[in-house]
file run-v3.csv (CSV, C-alpha atoms)
chain,number,residue,atom,x,y,z
A,1,MET,CA,-14.8,12.9,-11.2
A,2,ASN,CA,-11.6,14.6,-12.5
A,3,LEU,CA,-8.8,13.4,-10.1
A,4,ARG,CA,-6.4,15.8,-11.8
A,5,LEU,CA,-3.5,13.3,-11.8
A,6,SER,CA,-2.2,13.7,-15.3
A,7,SER,CA,1.6,14.1,-15.6
A,8,LYS,CA,2.1,13.1,-11.9
A,9,VAL,CA,4.5,10.5,-10.7
A,10,ALA,CA,3.6,7.7,-8.2
A,11,LEU,CA,5.7,5.1,-6.4
A,12,VAL,CA,4.0,1.8,-5.5
A,13,THR,CA,5.8,-0.7,-3.3
A,14,GLY,CA,4.7,-4.3,-3.5
A,15,GLY,CA,3.6,-3.4,-7.0
A,16,ALA,CA,4.2,-6.8,-8.7
A,17,SER,CA,0.9,-8.4,-7.6
A,18,GLY,CA,-2.4,-8.1,-5.8
A,19,ILE,CA,-3.4,-4.7,-4.5
A,20,GLY,CA,-0.1,-3.1,-5.5
A,21,ARG,CA,-0.5,-4.2,-9.1
A,22,ALA,CA,-4.1,-3.0,-9.2
A,23,ALA,CA,-3.0,0.4,-7.8
A,24,ALA,CA,-0.2,0.8,-10.3
A,25,ILE,CA,-2.6,0.1,-13.2
A,26,ALA,CA,-5.2,2.5,-11.7
A,27,PHE,CA,-2.6,5.3,-11.4
A,28,ALA,CA,-1.5,4.7,-15.0
A,29,ARG,CA,-5.1,4.8,-16.3
A,30,ASN,CA,-5.3,8.3,-14.7
A,31,GLY,CA,-2.2,9.5,-16.6
A,32,VAL,CA,0.3,8.9,-13.8
A,33,ALA,CA,3.8,7.7,-14.5
A,34,VAL,CA,4.4,4.8,-12.1
A,35,ALA,CA,7.5,3.3,-10.4
A,36,ILE,CA,6.7,-0.3,-9.5
A,37,ALA,CA,8.9,-1.5,-6.6
A,38,ASP,CA,9.1,-5.1,-5.5
A,39,ALA,CA,11.4,-7.9,-4.7
A,40,ASP,CA,9.6,-10.0,-7.4
A,41,VAL,CA,11.5,-9.0,-10.6
A,42,ALA,CA,9.5,-11.1,-13.0
A,43,GLY,CA,6.2,-9.9,-11.6
A,44,GLY,CA,7.2,-6.3,-11.5
A,45,GLU,CA,8.5,-6.3,-15.0
A,46,GLN,CA,5.2,-7.9,-16.2
A,47,VAL,CA,3.2,-5.1,-14.6
A,48,VAL,CA,5.4,-2.5,-16.5
A,49,LYS,CA,4.5,-4.4,-19.7
A,50,ASP,CA,0.8,-4.4,-18.8
A,51,ILE,CA,0.8,-0.7,-18.1
A,52,GLU,CA,2.5,0.0,-21.4
A,53,SER,CA,0.2,-2.2,-23.4
A,54,GLN,CA,-3.1,-1.7,-21.6
A,55,CYS,CA,-2.9,1.9,-20.6
A,56,ASP,CA,-0.3,3.3,-23.0
A,57,GLY,CA,1.3,4.5,-19.8
A,58,LYS,CA,4.8,5.1,-18.5
A,59,ALA,CA,6.2,2.7,-15.9
A,60,VAL,CA,9.5,1.5,-14.6
A,61,PHE,CA,10.4,-1.4,-12.3
A,62,ILE,CA,12.7,-1.0,-9.4
A,63,ARG,CA,13.9,-3.9,-7.3
A,64,VAL,CA,13.7,-3.2,-3.6
A,65,ASN,CA,13.9,-4.7,-0.2
A,66,VAL,CA,11.7,-2.5,2.0
A,67,ALA,CA,13.2,-3.9,5.1
A,68,ASP,CA,16.6,-2.4,4.1
A,69,ALA,CA,16.9,1.4,4.5
A,70,ALA,CA,19.6,1.8,1.9
A,71,SER,CA,17.6,-0.2,-0.7
A,72,VAL,CA,14.6,2.1,0.0
A,73,ARG,CA,16.6,5.3,-0.4
A,74,ALA,CA,17.9,4.0,-3.7
A,75,MET,CA,14.4,3.2,-4.8
A,76,VAL,CA,13.2,6.7,-4.2
A,77,GLN,CA,16.3,8.2,-5.8
A,78,SER,CA,15.8,5.9,-8.9
A,79,THR,CA,12.2,7.0,-9.2
A,80,VAL,CA,13.1,10.7,-9.2
A,81,GLU,CA,16.0,10.2,-11.6
A,82,HIS,CA,13.8,8.3,-14.0
A,83,PHE,CA,10.7,10.5,-14.0
A,84,GLY,CA,12.1,13.7,-12.5
A,85,ALA,CA,9.6,13.9,-9.6
A,86,LEU,CA,7.8,12.0,-6.9
A,87,ASP,CA,4.3,13.3,-6.2
A,88,MET,CA,2.6,10.3,-4.6
A,89,ALA,CA,3.5,7.1,-2.9
A,90,PHE,CA,1.6,4.0,-2.0
A,91,ASN,CA,3.5,2.0,0.7
A,92,ASN,CA,1.9,-1.4,0.1
A,93,ALA,CA,4.6,-4.0,0.4
A,94,GLY,CA,3.8,-6.6,3.1
A,95,VAL,CA,4.0,-10.2,4.1
A,96,PRO,CA,1.5,-12.4,5.9
A,97,ASP,CA,1.6,-13.7,9.5
A,98,ARG,CA,2.6,-17.3,9.4
A,99,ALA,CA,1.2,-18.1,12.8
A,100,ALA,CA,-2.5,-18.7,13.6
A,101,SER,CA,-2.0,-17.8,17.3
A,102,LEU,CA,0.2,-15.6,19.4
A,103,ARG,CA,1.2,-18.8,21.3
A,104,THR,CA,2.5,-20.5,18.2
A,105,SER,CA,4.2,-17.4,16.7
A,106,THR,CA,8.0,-17.6,16.6
A,107,GLN,CA,10.6,-14.9,16.9
A,108,GLU,CA,11.4,-15.5,13.3
A,109,ASN,CA,7.8,-14.8,12.3
A,110,TRP,CA,7.7,-11.7,14.5
A,111,ASP,CA,10.9,-10.3,13.0
A,112,ARG,CA,9.9,-11.0,9.4
A,113,VAL,CA,6.4,-9.4,9.8
A,114,MET,CA,7.7,-6.4,11.7
A,115,SER,CA,10.7,-5.8,9.4
A,116,VAL,CA,8.5,-5.6,6.3
A,117,ASN,CA,5.1,-4.5,7.4
A,118,LEU,CA,6.0,-1.9,9.9
A,119,GLU,CA,9.7,-1.0,9.6
A,120,GLY,CA,9.4,-1.2,5.8
A,121,VAL,CA,6.7,1.5,5.9
A,122,TRP,CA,8.9,3.6,8.2
A,123,HIS,CA,11.8,3.3,5.8
A,124,CYS,CA,9.7,4.2,2.9
A,125,MET,CA,8.0,7.2,4.5
A,126,LYS,CA,11.4,8.7,5.6
A,127,ALA,CA,12.8,8.5,2.1
A,128,GLU,CA,9.7,9.7,0.4
A,129,LEU,CA,9.3,12.6,2.9
A,130,ASP,CA,12.9,13.7,2.4
A,131,HIS,CA,12.1,14.3,-1.3
A,132,MET,CA,8.6,15.7,-0.8
A,133,LEU,CA,9.7,18.2,1.7
A,134,THR,CA,12.1,19.7,-0.8
A,135,GLU,CA,9.2,20.1,-3.2
A,136,GLY,CA,6.7,21.4,-0.6
A,137,LYS,CA,4.0,18.9,-1.7
A,138,GLY,CA,3.1,15.3,-1.9
A,139,SER,CA,0.7,12.6,-0.9
A,140,ILE,CA,1.5,9.3,0.9
A,141,VAL,CA,-0.9,6.4,1.4
A,142,ASN,CA,0.1,3.5,3.6
A,143,ASN,CA,-1.6,0.1,3.3
A,144,ALA,CA,-2.8,-1.0,6.7
A,145,SER,CA,-5.6,-3.5,7.2
A,146,ARG,CA,-8.9,-4.3,8.9
A,147,SER,CA,-6.6,-5.9,11.4
A,148,ALA,CA,-5.2,-2.4,12.2
A,149,LEU,CA,-8.6,-1.3,13.4
A,150,VAL,CA,-9.9,-4.4,15.3
A,151,GLY,CA,-8.5,-7.4,17.0
A,152,VAL,CA,-8.2,-10.5,14.7
A,153,PRO,CA,-7.2,-13.5,16.8
A,154,SER,CA,-5.5,-15.3,13.8
A,155,ASP,CA,-3.5,-12.2,12.9
A,156,GLY,CA,-1.9,-11.2,16.2
A,157,VAL,CA,1.5,-10.3,15.0
A,158,TYR,CA,0.3,-9.0,11.6
A,159,GLY,CA,-2.3,-6.9,13.4
A,160,ALA,CA,0.3,-5.4,15.8
A,161,ALA,CA,2.4,-4.3,12.8
A,162,LYS,CA,-0.7,-2.9,11.0
A,163,HIS,CA,-1.8,-1.0,14.1
A,164,GLY,CA,1.7,0.5,14.1
A,165,VAL,CA,1.3,1.5,10.5
A,166,VAL,CA,-1.8,3.5,11.5
A,167,GLY,CA,0.1,5.1,14.3
A,168,LEU,CA,2.9,6.1,11.9
A,169,THR,CA,0.3,7.4,9.5
A,170,LYS,CA,-1.4,9.7,12.0
A,171,ALA,CA,1.8,11.0,13.5
A,172,ALA,CA,3.2,11.9,10.1
A,173,ALA,CA,-0.1,13.4,8.9
A,174,ILE,CA,0.0,15.8,11.8
A,175,GLU,CA,3.7,16.6,11.5
A,176,PHE,CA,3.8,17.2,7.8
A,177,ALA,CA,0.3,18.6,6.8
A,178,SER,CA,1.5,22.1,7.2
A,179,LYS,CA,4.4,21.3,4.9
A,180,GLY,CA,2.0,20.5,2.0
A,181,ILE,CA,2.2,16.7,2.4
A,182,ARG,CA,-0.9,14.6,3.1
A,183,VAL,CA,-0.5,11.2,4.7
A,184,ASN,CA,-3.3,8.7,5.0
A,185,ALA,CA,-3.9,4.9,5.2
A,186,VAL,CA,-6.3,2.4,3.7
A,187,CYS,CA,-7.5,-0.5,5.7
A,188,PRO,CA,-8.7,-3.3,3.4
A,189,GLY,CA,-10.8,-6.2,4.5
A,190,LEU,CA,-10.6,-9.6,2.8
A,191,VAL,CA,-9.3,-9.1,-0.7
A,192,GLU,CA,-9.0,-11.8,-3.4
A,193,THR,CA,-5.4,-12.0,-4.1
A,194,ALA,CA,-2.9,-14.8,-4.7
A,195,LEU,CA,-1.9,-14.5,-1.1
A,196,THR,CA,-5.4,-14.9,0.3
A,197,ARG,CA,-6.2,-17.7,-2.2
A,198,THR,CA,-3.1,-19.6,-1.0
A,199,ARG,CA,-3.9,-19.0,2.7
A,200,PHE,CA,-7.6,-19.8,2.7
A,201,GLY,CA,-8.1,-22.0,-0.4
A,202,ASP,CA,-11.6,-23.2,-0.9
A,203,GLU,CA,-12.7,-21.5,2.4
A,204,LEU,CA,-12.1,-18.0,0.9
A,205,ALA,CA,-15.7,-17.6,-0.4
A,206,THR,CA,-17.2,-18.8,2.9
A,207,ARG,CA,-15.0,-16.6,5.0
A,208,ALA,CA,-15.9,-13.6,2.8
A,209,LYS,CA,-19.6,-14.2,3.3
A,210,LEU,CA,-19.1,-14.1,7.1
A,211,ALA,CA,-16.5,-11.3,7.1
A,212,ASN,CA,-18.6,-8.3,6.1
A,213,PRO,CA,-22.2,-7.2,5.5
A,214,LEU,CA,-21.7,-7.2,1.7
A,215,GLY,CA,-21.0,-10.9,2.1
A,216,ARG,CA,-18.3,-11.1,-0.5
A,217,VAL,CA,-14.5,-10.8,-1.0
A,218,ALA,CA,-13.2,-7.5,-2.4
A,219,GLN,CA,-11.3,-7.3,-5.7
A,220,PRO,CA,-7.9,-5.6,-5.7
A,221,GLU,CA,-9.2,-2.9,-8.0
A,222,GLU,CA,-11.7,-1.8,-5.4
A,223,ILE,CA,-8.9,-1.1,-2.9
A,224,ALA,CA,-6.9,0.6,-5.7
A,225,GLU,CA,-9.6,3.1,-6.4
A,226,ALA,CA,-9.6,4.3,-2.8
A,227,VAL,CA,-5.8,4.6,-2.9
A,228,VAL,CA,-5.8,6.7,-6.1
A,229,TRP,CA,-8.6,8.9,-4.7
A,230,LEU,CA,-6.7,9.5,-1.4
A,231,CYS,CA,-3.6,10.5,-3.4
A,232,SER,CA,-5.5,12.8,-5.7
A,233,ASP,CA,-6.4,16.5,-5.3
A,234,ALA,CA,-10.0,15.3,-5.0
A,235,ALA,CA,-9.0,14.3,-1.4
A,236,SER,CA,-7.2,17.5,-0.7
A,237,PHE,CA,-8.8,18.0,2.7
A,238,VAL,CA,-8.3,14.4,3.8
A,239,VAL,CA,-5.4,14.0,6.3
A,240,GLY,CA,-4.6,11.3,8.8
A,241,VAL,CA,-7.4,9.0,8.1
A,242,ALA,CA,-7.3,5.2,8.3
A,243,LEU,CA,-10.0,4.5,5.7
A,244,PRO,CA,-11.7,1.1,6.0
A,245,VAL,CA,-12.4,-0.4,2.6
A,246,ASP,CA,-13.8,-3.6,4.0
A,247,GLY,CA,-17.4,-4.0,3.0
A,248,GLY,CA,-18.6,-2.7,6.3
A,249,ALA,CA,-16.7,-5.3,8.4
A,250,THR,CA,-15.5,-2.7,11.0
A,251,ALA,CA,-18.9,-1.0,11.1
A,252,ARG,CA,-20.4,-3.9,13.2
call {"tool": "encode", "arguments": {"input": "run-v3.csv", "output": "structure tokens"}}
result
Amino acid sequence: MNLRLSSKVALVTGGASGIGRAAAIAFARNGVAVAIADADVAGGEQVVKDIESQCDGKAVFIRVNVADAASVRAMVQSTVEHFGALDMAFNNAGVPDRAASLRTSTQENWDRVMSVNLEGVWHCMKAELDHMLTEGKGSIVNNASRSALVGVPSDGVYGAAKHGVVGLTKAAAIEFASKGIRVNAVCPGLVETALTRTRFGDELATRAKLANPLGRVAQPEEIAEAVVWLCSDAASFVVGVALPVDGGATAR
């Protein structure tokens, strides 16, 4: 399938590792210039090197704190200044819920999860939309979660934030579709990343077998392919979806 992405520019937050890294590389392999934004300087700069060496692509690293509106505005401005455009954005940056139960969750945990996972997406969308509206076109994909579609007892605060991401996605999709901007979300299930390996350790494989009908954990690249497709013209009539990429977990 020709995704018709050559010479486009994409911005990926949380691009230094995991799903964000995989998405940045997938964009680059489709001829997209990529701005990789993250708080992890070393990781982000390594992804730039990987794109340049593996994909012969164009990439730049931008340090950002998505919980800070000024930092996010500077991120978008830097992307446009460096590449001359911003056609697509994958708002992926996020942090895990440190509590296993609502009863043991702290105010600090709530504030941290909400400021990055929900407020951060809001900041990013506002800054990206400001630019895309001047161009009359664009595509935004937000990273939600399986926890945005169903109740997951161990992810109460995280799930609340991700439900909010889906709400923001649908509202923005309706508001800006007529302006030439498509907004969608992906909702990954259990994905093998450094974060999930740290959280679940040796239990990851067992949890994966129980988590979905496919009986396995997803690879970041499988989520990345869905993100790139949603951003592309191949998905030109797809607006306001919260797309499960979860091995059938939410189909039960």
call {"tool": "residues_around", "arguments": {"input": "run-v3.csv", "residues": "Arg182 in chain A", "least_positions_apart": "5", "cutoff": "6 Å", "atoms": "all atoms listed in the file", "output": "JSON, numbers by chain"}}
result
{"A": [139, 173, 177, 239]}
call {"tool": "residues_around", "arguments": {"input": "run-v3.csv", "residues": "Asp130 in chain A", "least_positions_apart": "4", "cutoff": "10 Å", "atoms": "all atoms listed in the file", "output": "PDB file with C-alpha atoms, in the frame of the given file"}}
result
ATOM      1  CA  ARG A  73      16.600   5.300  -0.400  1.00  0.00           C
ATOM      2  CA  VAL A  76      13.200   6.700  -4.200  1.00  0.00           C
ATOM      3  CA  MET A 125       8.000   7.200   4.500  1.00  0.00           C
ATOM      4  CA  LYS A 126      11.400   8.700   5.600  1.00  0.00           C
ATOM      5  CA  THR A 134      12.100  19.700  -0.800  1.00  0.00           C
ATOM      6  CA  GLU A 135       9.200  20.100  -3.200  1.00  0.00           C
TER       7      GLU A 135
END
call {"tool": "closest_residue", "arguments": {"input": "run-v3.csv", "among": "A:Val48, A:Gly18, A:Thr250, A:Ala242", "to": "Val191 in chain A", "atoms": "all atoms listed in the file"}}
result
A:Gly18
call {"tool": "atom_distance", "arguments": {"input": "run-v3.csv", "atom1": "CA of Ala26 in chain A", "atom2": "CA of Ala226 in chain A"}}
result
10.1 Å
call {"tool": "residues_around", "arguments": {"input": "run-v3.csv", "residues": "Gly248 in chain A", "least_positions_apart": "3", "cutoff": "12 Å", "atoms": "all atoms listed in the file", "output": "MDAnalysis selection string"}}
result
chainID A and resid 146 187:190 208:218 243:245 251:252
call {"tool": "closest_residue", "arguments": {"input": "run-v3.csv", "among": "A:Ala100, A:Val116, A:Val9, A:Leu133", "to": "Glu175 in chain A", "atoms": "only C-alpha atoms"}}
result
A:Leu133
call {"tool": "closest_residue", "arguments": {"input": "run-v3.csv", "among": "A:Lys8, A:Val60, A:Gly15, A:Thr104", "to": "Leu86 in chain A", "atoms": "all atoms listed in the file"}}
result
A:Lys8
call {"tool": "residues_near_point", "arguments": {"input": "run-v3.csv", "point": "(3.1, 12.1, -10.3)", "cutoff": "10 Å", "atoms": "all atoms listed in the file", "output": "list in words"}}
result
Leu5, Ser6, Ser7, Lys8, Val9, Ala10, Leu11, Phe27, Ala28, Gly31, Val32, Ala33, Val34, Ala35, Phe83, Gly84, Ala85, Leu86, Asp87, Met88, Ala89, Gly138, Ser139, Cys231 and Ser232 of chain A
call {"tool": "closest_residue", "arguments": {"input": "run-v3.csv", "among": "A:Ile140, A:Val157, A:Ala23, A:Val113", "to": "Val66 in chain A", "atoms": "all atoms listed in the file"}}
result
A:Val113
call {"tool": "atom_distance", "arguments": {"input": "run-v3.csv", "atom1": "CA of Ala249 in chain A", "atom2": "CA of Leu149 in chain A"}}
result
10.3 Å
call {"tool": "residues_around", "arguments": {"input": "run-v3.csv", "residues": "range 159-172 of chain A", "least_positions_apart": "5", "cutoff": "10 Å", "atoms": "all atoms listed in the file", "output": "short mmCIF file (atom, residue, chain, number, x, y, z; two decimals) with C-alpha atoms, in the frame of the given file"}}
result
data_model
loop_
_atom_site.label_atom_id
_atom_site.label_comp_id
_atom_site.auth_asym_id
_atom_site.auth_seq_id
_atom_site.Cartn_x
_atom_site.Cartn_y
_atom_site.Cartn_z
CA GLY A 94 3.80 -6.60 3.10
CA ASP A 97 1.60 -13.70 9.50
CA TRP A 110 7.70 -11.70 14.50
CA VAL A 113 6.40 -9.40 9.80
CA MET A 114 7.70 -6.40 11.70
CA SER A 115 10.70 -5.80 9.40
CA VAL A 116 8.50 -5.60 6.30
CA ASN A 117 5.10 -4.50 7.40
CA LEU A 118 6.00 -1.90 9.90
CA GLU A 119 9.70 -1.00 9.60
CA GLY A 120 9.40 -1.20 5.80
CA VAL A 121 6.70 1.50 5.90
CA TRP A 122 8.90 3.60 8.20
CA MET A 125 8.00 7.20 4.50
CA LYS A 126 11.40 8.70 5.60
CA LEU A 129 9.30 12.60 2.90
CA ILE A 140 1.50 9.30 0.90
CA VAL A 141 -0.90 6.40 1.40
CA ASN A 142 0.10 3.50 3.60
CA ASN A 143 -1.60 0.10 3.30
CA ALA A 144 -2.80 -1.00 6.70
CA SER A 145 -5.60 -3.50 7.20
CA ARG A 146 -8.90 -4.30 8.90
CA SER A 147 -6.60 -5.90 11.40
CA ALA A 148 -5.20 -2.40 12.20
CA LEU A 149 -8.60 -1.30 13.40
CA VAL A 150 -9.90 -4.40 15.30
CA GLY A 151 -8.50 -7.40 17.00
CA VAL A 152 -8.20 -10.50 14.70
CA PRO A 153 -7.20 -13.50 16.80
CA SER A 154 -5.50 -15.30 13.80
CA ALA A 177 0.30 18.60 6.80
CA ILE A 181 2.20 16.70 2.40
CA ARG A 182 -0.90 14.60 3.10
CA VAL A 183 -0.50 11.20 4.70
CA ASN A 184 -3.30 8.70 5.00
CA ALA A 185 -3.90 4.90 5.20
CA VAL A 186 -6.30 2.40 3.70
CA CYS A 187 -7.50 -0.50 5.70
CA VAL A 239 -5.40 14.00 6.30
CA GLY A 240 -4.60 11.30 8.80
CA VAL A 241 -7.40 9.00 8.10
CA ALA A 242 -7.30 5.20 8.30
#
call {"tool": "closest_residue", "arguments": {"input": "run-v3.csv", "among": "A:Ser236, A:Thr196, A:Ser178, A:Gln219", "to": "Arg4 in chain A", "atoms": "all atoms listed in the file"}}
result
A:Ser236
call {"tool": "closest_residue", "arguments": {"input": "run-v3.csv", "among": "A:Gly14, A:Gly180, A:Gly247, A:Gly136", "to": "Asn91 in chain A", "atoms": "only C-alpha atoms"}}
result
A:Gly14
call {"tool": "residues_around", "arguments": {"input": "run-v3.csv", "residues": "Gly44 in chain A", "least_positions_apart": "6", "cutoff": "7 Å", "atoms": "all atoms listed in the file", "output": "list in words"}}
result
Gly15, Ala16, Ile36, Asp38 and Phe61 of chain A
call {"tool": "atom_distance", "arguments": {"input": "run-v3.csv", "atom1": "CA of Phe90 in chain A", "atom2": "CA of Ala24 in chain A"}}
result
9.1 Å
